[in-house]
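Source file: query-v7.txt. Holds: compact mmCIF, C-alpha atoms and all ligand atoms.
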# COMPACT_ATOMS: atom_id res chain seq x y z
CA MET A 116 21.02 10.84 21.55
CA ASN A 117 19.52 12.24 24.72
CA LYS A 118 16.76 10.42 26.60
CA LEU A 119 13.99 12.68 25.34
CA LEU A 120 14.92 11.99 21.74
CA VAL A 121 15.01 8.26 22.38
CA LEU A 122 11.49 8.55 23.79
CA VAL A 123 10.26 10.53 20.80
CA VAL A 124 11.73 8.02 18.35
CA CYS A 125 10.26 5.07 20.28
CA PHE A 126 6.86 6.76 20.40
CA ASN A 127 6.90 7.29 16.64
CA LEU A 128 7.90 3.70 16.01
CA LEU A 129 5.12 2.50 18.27
CA MET A 130 2.59 4.68 16.46
CA CYS A 131 3.70 3.03 13.28
CA LEU A 132 3.59 -0.54 14.38
CA SER A 133 1.15 -0.76 17.23
CA ILE A 134 -2.27 -2.26 17.37
CA PRO A 135 -4.66 0.20 18.96
CA ASP A 136 -5.57 -0.20 22.58
CA LEU A 137 -8.98 -1.81 22.42
CA SER A 138 -10.91 -3.96 24.70
CA ALA A 139 -11.04 -7.38 23.04
CA ALA A 140 -14.65 -7.65 24.17
CA ASP A 141 -15.67 -4.98 21.66
CA PHE A 142 -14.37 -6.91 18.67
CA ILE A 143 -14.45 -10.46 17.39
CA TYR A 144 -11.21 -12.36 17.92
CA ASP A 145 -12.81 -15.76 18.16
CA GLU A 146 -13.44 -17.69 14.95
CA GLY A 147 -16.55 -19.21 16.53
CA LYS A 148 -18.14 -15.76 16.80
CA VAL A 149 -17.75 -14.82 13.13
CA PRO A 150 -21.31 -14.38 11.82
CA SER A 151 -22.45 -16.26 8.76
CA TYR A 152 -22.02 -14.12 5.67
CA THR A 153 -22.34 -14.42 1.91
CA LEU A 154 -19.59 -13.10 -0.30
CA PRO A 155 -20.62 -11.36 -3.51
CA ASP A 156 -19.68 -13.36 -6.60
CA PRO A 157 -17.01 -11.44 -8.55
CA LEU A 158 -18.22 -13.06 -11.77
CA LEU A 159 -21.85 -12.01 -11.41
CA CYS A 160 -22.61 -8.87 -13.45
CA ALA A 161 -25.11 -6.21 -12.40
CA ASP A 162 -27.49 -7.41 -15.13
CA GLY A 163 -27.51 -10.91 -13.65
CA THR A 164 -25.34 -12.54 -16.34
CA LYS A 165 -22.25 -14.48 -15.38
CA VAL A 166 -18.77 -13.77 -16.74
CA ALA A 167 -17.57 -16.75 -18.75
CA ASP A 168 -14.27 -15.57 -20.21
CA SER A 169 -11.44 -13.10 -19.73
CA ALA A 170 -12.80 -10.72 -22.42
CA ALA A 171 -16.12 -10.33 -20.60
CA TRP A 172 -14.21 -9.79 -17.37
CA LYS A 173 -12.00 -7.09 -18.87
CA ASN A 174 -14.63 -5.27 -20.89
CA LYS A 175 -17.70 -5.60 -18.76
CA ARG A 176 -17.35 -6.85 -15.21
CA ARG A 177 -14.00 -5.33 -14.23
CA PRO A 178 -15.05 -1.72 -15.06
CA GLU A 179 -18.36 -2.31 -13.29
CA LEU A 180 -16.67 -3.58 -10.13
CA LEU A 181 -14.01 -0.87 -10.16
CA LYS A 182 -16.78 1.72 -10.27
CA ILE A 183 -18.44 0.24 -7.16
CA PHE A 184 -15.12 0.37 -5.27
CA GLU A 185 -14.70 3.99 -6.36
CA THR A 186 -18.22 5.00 -5.40
CA GLU A 187 -18.66 3.03 -2.19
CA VAL A 188 -15.21 2.45 -0.70
CA TYR A 189 -12.17 4.53 -1.73
CA GLY A 190 -13.70 7.36 -3.76
CA ARG A 191 -13.04 8.40 -7.33
CA MET A 192 -9.43 8.35 -8.49
CA GLN A 193 -8.11 11.53 -10.09
CA GLY A 194 -6.05 11.37 -13.28
CA LYS A 195 -2.49 12.35 -14.10
CA PRO A 196 -2.06 16.13 -13.86
CA ALA A 197 -1.37 17.51 -17.33
CA LYS A 198 1.28 19.99 -16.23
CA MET A 199 3.28 17.76 -13.86
CA THR A 200 7.06 18.10 -14.13
CA PHE A 201 9.96 16.23 -12.53
CA GLU A 202 13.23 17.69 -11.34
CA ILE A 203 16.18 15.48 -10.42
CA THR A 204 17.52 17.36 -7.41
CA SER A 205 20.47 15.10 -6.58
CA THR A 206 22.35 12.12 -8.00
CA ASP A 207 25.13 10.17 -6.31
CA LYS A 208 26.50 7.21 -8.24
CA ASN A 209 28.29 5.66 -5.33
CA VAL A 210 26.23 5.18 -2.17
CA LEU A 211 25.54 2.32 0.27
CA GLY A 212 29.16 1.23 0.09
CA GLY A 213 29.22 1.52 -3.70
CA LYS A 214 26.28 -0.84 -4.14
CA ALA A 215 23.78 1.75 -5.36
CA ILE A 216 23.07 4.94 -7.22
CA ARG A 217 20.88 7.35 -5.26
CA LYS A 218 18.68 9.88 -7.00
CA GLU A 219 16.24 12.33 -5.49
CA ILE A 220 13.48 13.66 -7.68
CA THR A 221 10.81 16.23 -6.96
CA ALA A 222 7.49 15.86 -8.75
CA TYR A 223 5.71 19.20 -9.11
CA PHE A 224 2.11 18.20 -9.68
CA LEU A 225 1.05 21.49 -11.22
CA GLY A 226 4.42 22.19 -12.82
CA THR A 227 5.15 25.04 -10.40
CA LYS A 228 7.76 24.95 -7.65
CA ASN A 229 5.52 26.57 -5.06
CA GLY A 230 2.59 24.23 -5.83
CA PRO A 231 1.91 20.73 -4.47
CA LYS A 232 4.85 18.35 -4.80
CA MET A 233 6.42 15.14 -3.54
CA ASN A 234 10.03 14.05 -3.10
CA ILE A 235 10.95 10.67 -4.55
CA LEU A 236 13.95 8.75 -3.23
CA LEU A 237 15.28 6.25 -5.77
CA TYR A 238 17.98 3.64 -5.27
CA VAL A 239 19.23 1.74 -8.31
CA PRO A 240 21.59 -1.23 -7.87
CA ASN A 241 25.04 -0.55 -9.28
CA GLU A 242 26.35 -3.95 -10.16
CA VAL A 243 23.67 -5.08 -12.59
CA LYS A 244 22.71 -4.42 -16.17
CA LYS A 245 20.17 -1.62 -16.64
CA PRO A 246 17.25 -1.21 -16.95
CA VAL A 247 16.25 -2.98 -13.72
CA PRO A 248 12.85 -3.95 -12.28
CA ALA A 249 11.70 -1.94 -9.28
CA PHE A 250 9.65 -1.92 -6.12
CA VAL A 251 7.61 1.18 -5.33
CA GLY A 252 6.09 2.04 -1.96
CA LEU A 253 5.19 4.87 0.37
CA ASN A 254 7.03 5.17 3.67
CA PHE A 255 5.63 6.17 7.06
CA GLU A 256 8.28 8.43 8.55
CA GLY A 257 10.22 10.26 5.82
CA ASN A 258 12.57 9.21 3.03
CA HIS A 259 15.57 9.68 5.31
CA THR A 260 14.37 6.83 7.56
CA VAL A 261 14.55 4.25 4.75
CA ALA A 262 18.34 3.76 4.89
CA LYS A 263 21.23 4.90 7.02
CA ASP A 264 22.49 7.05 4.19
CA PRO A 265 23.69 10.51 5.21
CA GLY A 266 22.92 11.94 1.78
CA ILE A 267 19.12 11.56 1.84
CA LYS A 268 17.37 14.89 2.23
CA LEU A 269 15.50 15.07 5.55
CA ALA A 270 11.72 15.10 5.24
CA ASP A 271 10.43 18.58 5.97
CA ARG A 272 6.68 18.14 6.25
CA TRP A 273 4.21 17.02 8.86
CA GLU A 274 5.69 14.77 11.50
CA ARG A 275 3.81 11.52 12.00
CA GLY A 276 2.95 11.04 15.65
CA GLY A 277 3.62 14.69 16.44
CA LYS A 278 1.07 16.25 18.78
CA GLU A 279 0.52 19.36 16.70
CA LYS A 280 -1.51 18.91 13.57
CA GLY A 281 -0.45 20.69 10.43
CA MET A 282 3.06 21.37 9.25
CA ARG A 283 5.65 20.68 11.86
CA LYS A 284 9.34 19.99 11.44
CA MET A 285 10.37 16.34 11.25
CA PRO A 286 12.57 15.12 14.11
CA GLY A 287 15.60 15.08 11.82
CA GLU A 288 18.98 13.32 11.92
CA GLU A 289 18.21 11.02 14.84
CA THR A 290 15.59 9.14 12.79
CA ARG A 291 17.85 8.60 9.78
CA GLY A 292 17.80 4.91 8.90
CA SER A 293 15.19 4.06 11.55
CA ALA A 294 13.09 2.17 8.96
CA SER A 295 16.00 0.20 7.45
CA VAL A 296 14.44 -3.17 8.33
CA PRO A 297 11.01 -2.47 6.81
CA TRP A 298 12.72 -1.35 3.61
CA SER A 299 15.66 -3.79 3.41
CA VAL A 300 17.40 -1.66 0.78
CA ASP A 301 20.60 -3.74 0.97
CA MET A 302 18.68 -6.90 0.13
CA LEU A 303 16.90 -5.20 -2.76
CA MET A 304 20.18 -3.93 -4.20
CA ALA A 305 21.81 -7.35 -3.85
CA LYS A 306 18.88 -8.89 -5.70
CA GLY A 307 19.01 -6.38 -8.53
CA TYR A 308 15.87 -4.35 -7.78
CA ALA A 309 15.53 -0.58 -7.66
CA LEU A 310 13.47 0.98 -4.89
CA ALA A 311 11.45 4.16 -5.30
CA THR A 312 9.76 5.60 -2.23
CA VAL A 313 7.97 8.74 -1.08
CA TYR A 314 7.01 9.90 2.42
CA TYR A 315 3.21 9.52 2.58
CA GLY A 316 2.96 12.81 4.50
CA ASP A 317 4.14 14.59 1.33
CA LEU A 318 0.84 13.58 -0.25
CA GLU A 319 -1.38 14.01 2.77
CA PRO A 320 -0.67 14.27 6.49
CA ASP A 321 -2.50 11.39 8.13
CA PHE A 322 -5.21 12.95 10.28
CA ALA A 323 -8.81 14.01 9.76
CA GLU A 324 -8.11 17.53 8.50
CA GLY A 325 -4.80 16.59 6.92
CA TRP A 326 -6.15 17.17 3.40
CA LYS A 327 -5.85 20.90 4.04
CA TRP A 328 -2.07 20.56 4.02
CA GLY A 329 -1.99 17.89 1.34
CA VAL A 330 -2.48 17.36 -2.37
CA ARG A 331 -6.26 16.85 -2.06
CA GLY A 332 -6.62 20.38 -0.77
CA ALA A 333 -4.18 21.80 -3.31
CA LEU A 334 -5.97 20.17 -6.24
CA ALA A 335 -9.53 20.88 -5.07
CA LYS A 336 -11.36 23.56 -7.04
CA ASN A 337 -12.57 25.38 -3.94
CA GLY A 338 -9.35 24.90 -1.98
CA LEU A 339 -9.85 24.98 1.78
CA ASP A 340 -13.57 25.70 1.37
CA THR A 341 -14.06 22.35 -0.31
CA GLN A 342 -16.97 20.20 0.80
CA PHE A 343 -16.13 16.69 -0.35
CA ALA A 344 -18.81 14.70 -2.15
CA ALA A 345 -19.67 11.25 -0.79
CA ASP A 346 -17.74 9.61 -3.61
CA ASP A 347 -14.70 11.91 -3.59
CA GLY A 348 -11.46 10.12 -2.80
CA GLY A 349 -10.07 10.08 0.73
CA ALA A 350 -6.49 9.91 1.98
CA ILE A 351 -5.99 6.34 0.75
CA GLY A 352 -7.12 7.57 -2.65
CA ILE A 353 -4.56 10.36 -2.81
CA TRP A 354 -1.78 8.16 -1.42
CA ALA A 355 -2.56 5.60 -4.14
CA TRP A 356 -2.63 8.39 -6.71
CA GLY A 357 0.86 9.37 -5.53
CA LEU A 358 2.09 5.82 -6.17
CA SER A 359 0.95 6.16 -9.78
CA ARG A 360 2.78 9.47 -10.05
CA ILE A 361 6.00 7.72 -8.89
CA LEU A 362 5.45 5.26 -11.72
CA ASP A 363 4.98 8.20 -14.12
CA TYR A 364 8.48 9.30 -13.15
CA LEU A 365 9.97 5.81 -13.42
CA GLU A 366 8.67 5.57 -16.97
CA THR A 367 10.97 8.47 -17.82
CA ASP A 368 14.09 7.01 -16.16
CA SER A 369 16.23 4.84 -18.45
CA ASP A 370 17.68 2.92 -15.47
CA ILE A 371 14.25 1.44 -14.76
CA ASP A 372 12.34 -1.30 -16.54
CA ALA A 373 8.94 0.34 -16.05
CA LYS A 374 7.13 -2.74 -17.34
CA HIS A 375 8.32 -4.62 -14.26
CA VAL A 376 7.40 -2.44 -11.34
CA ALA A 377 5.89 -3.96 -8.19
CA VAL A 378 3.90 -1.82 -5.77
CA MET A 379 4.21 -2.75 -2.11
CA GLY A 380 2.81 -1.36 1.13
CA HIS A 381 2.33 -2.15 4.80
CA SER A 382 -0.81 -1.76 6.87
CA ARG A 383 -2.73 1.42 5.86
CA LEU A 384 -0.17 1.74 3.08
CA GLY A 385 -0.86 -1.91 2.18
CA LYS A 386 -4.51 -0.94 1.65
CA THR A 387 -3.12 1.89 -0.47
CA ALA A 388 -0.88 -0.45 -2.51
CA LEU A 389 -3.85 -2.71 -3.30
CA TRP A 390 -5.96 0.24 -4.40
CA ALA A 391 -3.10 1.57 -6.54
CA GLY A 392 -2.67 -1.88 -8.09
CA ALA A 393 -6.39 -2.18 -8.76
CA THR A 394 -6.69 1.23 -10.40
CA ASP A 395 -3.39 1.41 -12.29
CA GLU A 396 -2.75 -1.57 -14.51
CA ARG A 397 0.80 -0.43 -15.22
CA PHE A 398 1.81 -1.91 -11.85
CA ALA A 399 2.98 -5.36 -12.90
CA LEU A 400 2.78 -6.93 -9.44
CA VAL A 401 1.08 -5.95 -6.19
CA ILE A 402 2.00 -6.71 -2.57
CA SER A 403 -0.05 -6.14 0.54
CA ASN A 404 1.72 -6.58 3.87
CA ASN A 405 -0.63 -6.92 6.89
CA SER A 406 -3.16 -4.59 5.24
CA GLY A 407 -6.23 -5.80 7.19
CA CYS A 408 -9.61 -4.03 7.15
CA GLY A 409 -10.14 -2.04 3.94
CA GLY A 410 -7.10 -3.88 2.52
CA ALA A 411 -6.83 -7.61 1.94
CA ALA A 412 -9.13 -8.74 4.78
CA LEU A 413 -12.77 -9.58 4.09
CA SER A 414 -15.05 -6.96 5.67
CA LYS A 415 -18.07 -9.22 6.06
CA ARG A 416 -16.30 -11.51 8.55
CA ILE A 417 -16.21 -8.60 11.03
CA PHE A 418 -13.15 -10.20 12.65
CA GLY A 419 -10.79 -7.74 14.39
CA GLU A 420 -11.09 -4.23 12.95
CA THR A 421 -14.54 -3.41 11.54
CA VAL A 422 -15.75 -0.93 8.93
CA GLY A 423 -17.46 1.14 11.64
CA ARG A 424 -14.32 1.31 13.73
CA ILE A 425 -11.99 2.21 10.87
CA ASN A 426 -14.34 4.95 9.62
CA THR A 427 -14.62 6.40 13.11
CA VAL A 428 -10.95 6.45 14.07
CA PHE A 429 -9.73 7.27 10.56
CA PRO A 430 -12.61 9.28 9.06
CA HIS A 431 -10.33 10.63 6.31
CA TRP A 432 -9.12 7.35 4.77
CA PHE A 433 -12.12 6.23 2.69
CA CYS A 434 -14.92 8.05 0.86
CA GLY A 435 -18.03 9.32 2.64
CA ASN A 436 -20.21 6.56 1.18
CA PHE A 437 -18.17 3.88 2.95
CA ARG A 438 -19.73 5.04 6.23
CA LYS A 439 -23.06 3.61 5.10
CA TYR A 440 -21.57 0.24 5.99
CA ASN A 441 -20.59 1.07 9.58
CA GLU A 442 -21.99 -1.81 11.66
CA ASN A 443 -23.66 -2.83 8.40
CA GLU A 444 -21.07 -4.84 6.48
CA LYS A 445 -23.73 -7.21 5.20
CA ASP A 446 -25.05 -4.48 2.89
CA LEU A 447 -21.67 -3.83 1.28
CA PRO A 448 -22.13 -4.55 -2.45
CA VAL A 449 -18.49 -5.71 -2.70
CA ASP A 450 -15.92 -7.37 -0.49
CA GLN A 451 -12.16 -7.26 -0.54
CA HIS A 452 -11.63 -10.50 -2.53
CA GLU A 453 -13.01 -8.47 -5.43
CA LEU A 454 -10.37 -5.80 -4.88
CA ILE A 455 -7.74 -8.51 -5.28
CA ALA A 456 -9.61 -9.82 -8.33
CA LEU A 457 -9.31 -6.37 -9.94
CA ILE A 458 -5.55 -6.96 -10.04
CA ALA A 459 -5.92 -10.08 -12.23
CA PRO A 460 -4.21 -11.35 -14.29
CA ARG A 461 -1.24 -9.62 -12.64
CA PRO A 462 0.46 -11.42 -9.74
CA VAL A 463 -0.63 -10.36 -6.28
CA TYR A 464 0.73 -11.32 -2.85
CA ALA A 465 -1.02 -10.88 0.51
CA ALA A 466 0.90 -11.45 3.72
CA SER A 467 -0.33 -11.80 7.29
CA ALA A 468 1.37 -12.05 10.67
CA GLU A 469 0.37 -14.58 13.30
CA GLU A 470 0.00 -12.03 16.11
CA ASP A 471 -1.71 -9.44 13.92
CA LYS A 472 -5.24 -10.58 14.76
CA TRP A 473 -6.54 -7.01 14.39
CA ALA A 474 -5.90 -7.37 10.62
CA ASP A 475 -7.67 -10.77 10.48
CA PRO A 476 -5.09 -13.12 8.94
CA ARG A 477 -7.74 -15.70 8.00
CA GLY A 478 -9.81 -12.97 6.34
CA GLU A 479 -6.74 -11.97 4.32
CA PHE A 480 -6.21 -15.56 3.22
CA LEU A 481 -9.90 -16.01 2.33
CA SER A 482 -9.86 -12.86 0.25
CA ALA A 483 -6.94 -14.18 -1.78
CA LYS A 484 -8.69 -17.55 -2.09
CA ASN A 485 -11.96 -16.05 -3.29
CA ALA A 486 -10.21 -14.01 -5.99
CA GLU A 487 -9.13 -17.27 -7.68
CA PRO A 488 -12.14 -17.65 -10.04
CA VAL A 489 -11.10 -14.47 -11.81
CA TYR A 490 -7.49 -15.63 -12.22
CA LYS A 491 -8.86 -18.89 -13.57
CA LEU A 492 -10.53 -17.00 -16.44
CA PHE A 493 -6.99 -16.19 -17.58
CA GLY A 494 -5.88 -19.80 -17.18
CA LEU A 495 -3.85 -18.89 -14.10
CA GLU A 496 -3.49 -20.77 -10.87
CA GLY A 497 -3.93 -18.78 -7.68
CA LEU A 498 -2.96 -20.03 -4.23
CA CYS A 499 -2.91 -23.75 -5.15
CA VAL A 500 -4.15 -24.66 -1.65
CA ASP A 501 -7.64 -24.76 -0.17
CA ASP A 502 -6.71 -24.37 3.47
CA MET A 503 -4.71 -21.73 5.20
CA PRO A 504 -1.04 -22.75 5.18
CA GLY A 505 1.00 -23.22 8.34
CA ILE A 506 3.05 -20.44 9.88
CA ASP A 507 6.08 -19.46 7.76
CA LYS A 508 5.00 -21.66 4.84
CA PRO A 509 4.49 -19.40 1.82
CA VAL A 510 2.14 -20.72 -0.88
CA GLY A 511 0.81 -19.77 -4.27
CA LYS A 512 1.50 -19.28 -7.94
CA THR A 513 -0.11 -16.12 -9.33
CA ILE A 514 -1.62 -15.31 -5.95
CA GLY A 515 0.96 -15.56 -3.16
CA TYR A 516 0.24 -15.76 0.55
CA HIS A 517 2.06 -16.31 3.80
CA ILE A 518 1.41 -15.94 7.48
CA ARG A 519 4.63 -15.49 9.36
CA THR A 520 5.61 -15.68 12.99
CA GLY A 521 5.37 -12.41 14.87
CA LYS A 522 3.67 -9.08 14.87
CA HIS A 523 2.24 -6.38 12.62
CA ALA A 524 5.40 -5.23 10.78
CA VAL A 525 7.50 -5.68 7.65
CA LEU A 526 10.42 -7.98 8.37
CA GLU A 527 13.29 -9.33 6.29
CA TYR A 528 11.38 -12.58 6.01
CA ASP A 529 8.57 -10.75 4.22
CA TRP A 530 10.97 -9.14 1.75
CA GLU A 531 12.63 -12.49 1.04
CA GLN A 532 9.24 -13.84 -0.04
CA TYR A 533 8.33 -10.75 -2.09
CA ILE A 534 11.64 -10.78 -3.92
CA ALA A 535 11.36 -14.51 -4.65
CA PHE A 536 7.80 -13.94 -5.92
CA ALA A 537 8.88 -11.04 -8.13
CA ASP A 538 11.91 -13.02 -9.38
CA ARG A 539 9.57 -15.79 -10.49
CA HIS A 540 7.06 -13.54 -12.21
CA PHE A 541 9.55 -11.09 -13.69
CA ASN A 542 11.83 -13.91 -14.76
CA HIS A 543 14.60 -12.12 -12.92
CA SER A 544 17.48 -13.52 -10.98
CA VAL A 545 20.44 -11.71 -9.48
CA GLY A 546 22.58 -12.66 -6.52
CA SER A 547 22.41 -15.76 -4.38
CA LYS A 548 19.26 -17.85 -4.46
CA VAL A 549 16.50 -16.98 -2.01
CA GLU A 550 14.30 -19.78 -0.60
CA LYS A 551 11.14 -19.98 -2.71
C1 LIG A 601 -4.32 0.70 12.71
C2 LIG A 601 -5.53 0.57 11.83
C3 LIG A 601 -5.27 -0.47 10.81
C4 LIG A 601 -3.91 -0.41 10.18
C5 LIG A 601 -2.83 0.14 11.09
C6 LIG A 601 -1.60 0.77 10.44
O1 LIG A 601 -4.47 1.60 13.73
O2 LIG A 601 -6.62 0.25 12.65
O3 LIG A 601 -6.30 -0.44 9.85
O4 LIG A 601 -3.93 0.26 8.99
O5 LIG A 601 -3.28 1.15 11.90
O6 LIG A 601 -1.65 1.36 9.37
O7 LIG A 601 -0.55 0.74 11.10
Can you give me the file's structure in the form of structure tokens?
Ligand code: GTR
Amino acid sequence: MNKLLVLVVCFNLLMCLSIPDLSAADFIYDEGKVPSYTLPDPLLCADGTKVADSAAWKNKRRPELLKIFETEVYGRMQGKPAKMTFEITSTDKNVLGGKAIRKEITAYFLGTKNGPKMNILLYVPNEVKKPVPAFVGLNFEGNHTVAKDPGIKLADRWERGGKEKGMRKMPGEETRGSASVPWSVDMLMAKGYALATVYYGDLEPDFAEGWKWGVRGALAKNGLDTQFAADDGGAIGIWAWGLSRILDYLETDSDIDAKHVAVMGHSRLGKTALWAGATDERFALVISNNSGCGGAALSKRIFGETVGRINTVFPHWFCGNFRKYNENEKDLPVDQHELIALIAPRPVYAASAEEDKWADPRGEFLSAKNAEPVYKLFGLEGLCVDDMPGIDKPVGKTIGYHIRTGKHAVLEYDWEQYIAFADRHFNHSVGSKVEK
């Protein structure tokens, strides 16, 4: 690799993992400066009555709350396109040293090859009985970065971190396998899980006007002339929609146990995984890794990233209505503990990193904690602790949480916890025991 390429790769990695350059003075990083706030009660219905059982939650309060998140935060979620088709474009039964089957599948959302589409990369472990449970997640840099596997088709869309907006060739071979740690495919195969992933740029390039090159633009009635309504979905909405479309495919694949599919995401894609888990109850388990503001962290604490800041730097992520809460979190009718509550009774895991203050680790813990009353309606225990656990000390039953040493990233440690959590809830066990 020449020096220029090394620089380009490093720059892209930094874009993916870095915390923006901000003056600490502009944001709260000191627990003592967190303003007093009142969290909305997830059990309190709009008509003032209180939810007393799981039936009232499911039939009355949950739909009500979901609607507020759609209208005020992420925008309305579109449905499954009636004409969508899938094409398996490659299958290799003997990859990753014989440990896995690799399939590549293209989803054509409108059933036409020249219409909007996404490329799914699927690994299925070889040495276990099928069907197998699976993890699903979007990746930041292209399917070919997920494993050092020469057979994965190179991503051919927008290049994350590239200076030019719009469609630009991906860097190519030199980034193959560059995200092997965040995806830990070898560990997943050894533990008997399939992995299905899609490059998030297939669904929408991640910049303000990116929708013009993405699925939102392609599906909009007025195409590029579209003026989005204040409650139309943003980029997080279409990324989450894409996760559900991956699950649509998995339901057709006899190698996969589609009743045991976990959705996982990191950072902005962790926000996306939570929204996908909240809106699509087919996801049996949901994992948010360092998702922060607009993800697992409580907005009303205003610790680290704020609603105003996220809507300014990333104006395309949420719906227009969310901007009403810029510098005005106190008026938000919901907070993120209620997003986690929408996942109940399904298991959910939120993970923080000690140095990832921008994402507000305590706010992520408190969100998980304050979702507990809803899990309780189902007779389920949540975190089983009242105080934030120590570093590298995972806790929880139906709601899992850890804060690990280190920075904003997905590390092997994180995957070890997610796999142990999924093993427990899916009653699954393959390979050597992982610390629980
Ligand atoms: C940051 C953003 C965060 C987080 C992160 C990421 O710049 O402020 O909300 O999502 O990006 O996705 O890496």
Using only C-alpha atoms, find each residue of stretch 151-201 of chain A with at least one atom at most 9 Å away from an atom of stretch 437-443 of chain A; report its shortest atom-to-atom pair and that distance in Å (one decimal), sort the rows by chain and rising residue number, and return the result as a Markdown table.
| residue | atom | partner | partner_atom | distance |
| --- | --- | --- | --- | --- |
| A:Thr186 | CA | A:Phe437 | CA | 8.4 |
| A:Glu187 | CA | A:Phe437 | CA | 5.2 |
| A:Val188 | CA | A:Phe437 | CA | 4.9 |
| A:Tyr189 | CA | A:Phe437 | CA | 7.6 |
| A:Gly190 | CA | A:Phe437 | CA | 8.8 |
Take the selection from the previous step and output its residues with C-alpha atoms, as an mmCIF file, keeping the file's coordinate frame.
data_model
loop_
_atom_site.group_PDB
_atom_site.id
_atom_site.type_symbol
_atom_site.label_atom_id
_atom_site.label_comp_id
_atom_site.auth_asym_id
_atom_site.auth_seq_id
_atom_site.Cartn_x
_atom_site.Cartn_y
_atom_site.Cartn_z
ATOM 1 C CA THR A 186 -18.220 5.000 -5.400
ATOM 2 C CA GLU A 187 -18.660 3.030 -2.190
ATOM 3 C CA VAL A 188 -15.210 2.450 -0.700
ATOM 4 C CA TYR A 189 -12.170 4.530 -1.730
ATOM 5 C CA GLY A 190 -13.700 7.360 -3.760
#
Output as lines of an AutoDock Vina configuration file the centre and edge lengths (Å, one decimal) of the box along x, y and z of the file that holds every listed atom of ligand LIG 601 (chain A) after adding 6 Å on each side.
center_x = -3.6
center_y = 0.6
center_z = 11.4
size_x = 18.1
size_y = 14.1
size_z = 16.7
Exercise: stretch 475-478 of chain A partners within 6 Å, all atoms listed in the file, chain neighbours under 5 positions left out, as a VMD selection string: chain A and resid 412 to 413 418 to 419 467
For each of A:Phe493, A:Trp328, A:Phe250, A:Lys244, take the minimum atom-to-atom distance to A:Ala167, counting only C-alpha atoms, then give the residue where this is smallest. A:Phe493
Choose the residue, out of A:Gly352, A:Gly287, A:Gly266, A:Pro246, that has the smallest atom-to-atom separation from A:Asp368; count only C-alpha atoms.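 Once distances to A:Asp368 are computed over only C-alpha atoms, the minimum belongs to A:Pro246.
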Env of stretch 297-299 of chain A: 8 Å cut, atoms = all atoms listed in the file, seq-sep filter 3 positions within chain, self excluded. Answer as a PyMOL selection string. chain A and resi 261-262+294+302-303+524-527+530
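Between atom CA of A:Asp471 and atom CA of A:Leu181 the interatomic distance comes to 28.4 Å.
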For A:Arg217, the closest of A:Phe429, A:Phe142, A:Phe343, A:Tyr238 counting all atoms listed in the file is A:Tyr238
Tell me which of A:Thr260, A:Gln342, A:Asn254, A:Thr394 sits closest to ligand LIG 601 (chain A), counting all atoms listed in the file.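 Of all the options, A:Asn254 lies closest to ligand LIG 601 (chain A).
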Write out as JSON, numbers by chain the residues lying within 10 Å of stretch 319-327 of chain A, counting all atoms listed in the file and excluding same-chain residues fewer than 5 positions away. {"A": [255, 272, 273, 274, 275, 276, 280, 281, 282, 314, 332, 333, 335, 338, 339, 340, 341, 349, 350, 351, 353, 354, 357, 428, 429, 430, 431, 432]}
For C-alpha atoms, I'd like the residues from the last selection saved as a PDB file, in the coordinates of the input.
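Below is the file that was written, out04.pdb:
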ATOM      1  CA  PHE A 255       5.630   6.170   7.060  1.00  0.00           C
ATOM      2  CA  ARG A 272       6.680  18.140   6.250  1.00  0.00           C
ATOM      3  CA  TRP A 273       4.210  17.020   8.860  1.00  0.00           C
ATOM      4  CA  GLU A 274       5.690  14.770  11.500  1.00  0.00           C
ATOM      5  CA  ARG A 275       3.810  11.520  12.000  1.00  0.00           C
ATOM      6  CA  GLY A 276       2.950  11.040  15.650  1.00  0.00           C
ATOM      7  CA  LYS A 280      -1.510  18.910  13.570  1.00  0.00           C
ATOM      8  CA  GLY A 281      -0.450  20.690  10.430  1.00  0.00           C
ATOM      9  CA  MET A 282       3.060  21.370   9.250  1.00  0.00           C
ATOM     10  CA  TYR A 314       7.010   9.900   2.420  1.00  0.00           C
ATOM     11  CA  GLY A 332      -6.620  20.380  -0.770  1.00  0.00           C
ATOM     12  CA  ALA A 333      -4.180  21.800  -3.310  1.00  0.00           C
ATOM     13  CA  ALA A 335      -9.530  20.880  -5.070  1.00  0.00           C
ATOM     14  CA  GLY A 338      -9.350  24.900  -1.980  1.00  0.00           C
ATOM     15  CA  LEU A 339      -9.850  24.980   1.780  1.00  0.00           C
ATOM     16  CA  ASP A 340     -13.570  25.700   1.370  1.00  0.00           C
ATOM     17  CA  THR A 341     -14.060  22.350  -0.310  1.00  0.00           C
ATOM     18  CA  GLY A 349     -10.070  10.080   0.730  1.00  0.00           C
ATOM     19  CA  ALA A 350      -6.490   9.910   1.980  1.00  0.00           C
ATOM     20  CA  ILE A 351      -5.990   6.340   0.750  1.00  0.00           C
ATOM     21  CA  ILE A 353      -4.560  10.360  -2.810  1.00  0.00           C
ATOM     22  CA  TRP A 354      -1.780   8.160  -1.420  1.00  0.00           C
ATOM     23  CA  GLY A 357       0.860   9.370  -5.530  1.00  0.00           C
ATOM     24  CA  VAL A 428     -10.950   6.450  14.070  1.00  0.00           C
ATOM     25  CA  PHE A 429      -9.730   7.270  10.560  1.00  0.00           C
ATOM     26  CA  PRO A 430     -12.610   9.280   9.060  1.00  0.00           C
ATOM     27  CA  HIS A 431     -10.330  10.630   6.310  1.00  0.00           C
ATOM     28  CA  TRP A 432      -9.120   7.350   4.770  1.00  0.00           C
TER      29      TRP A 432
END
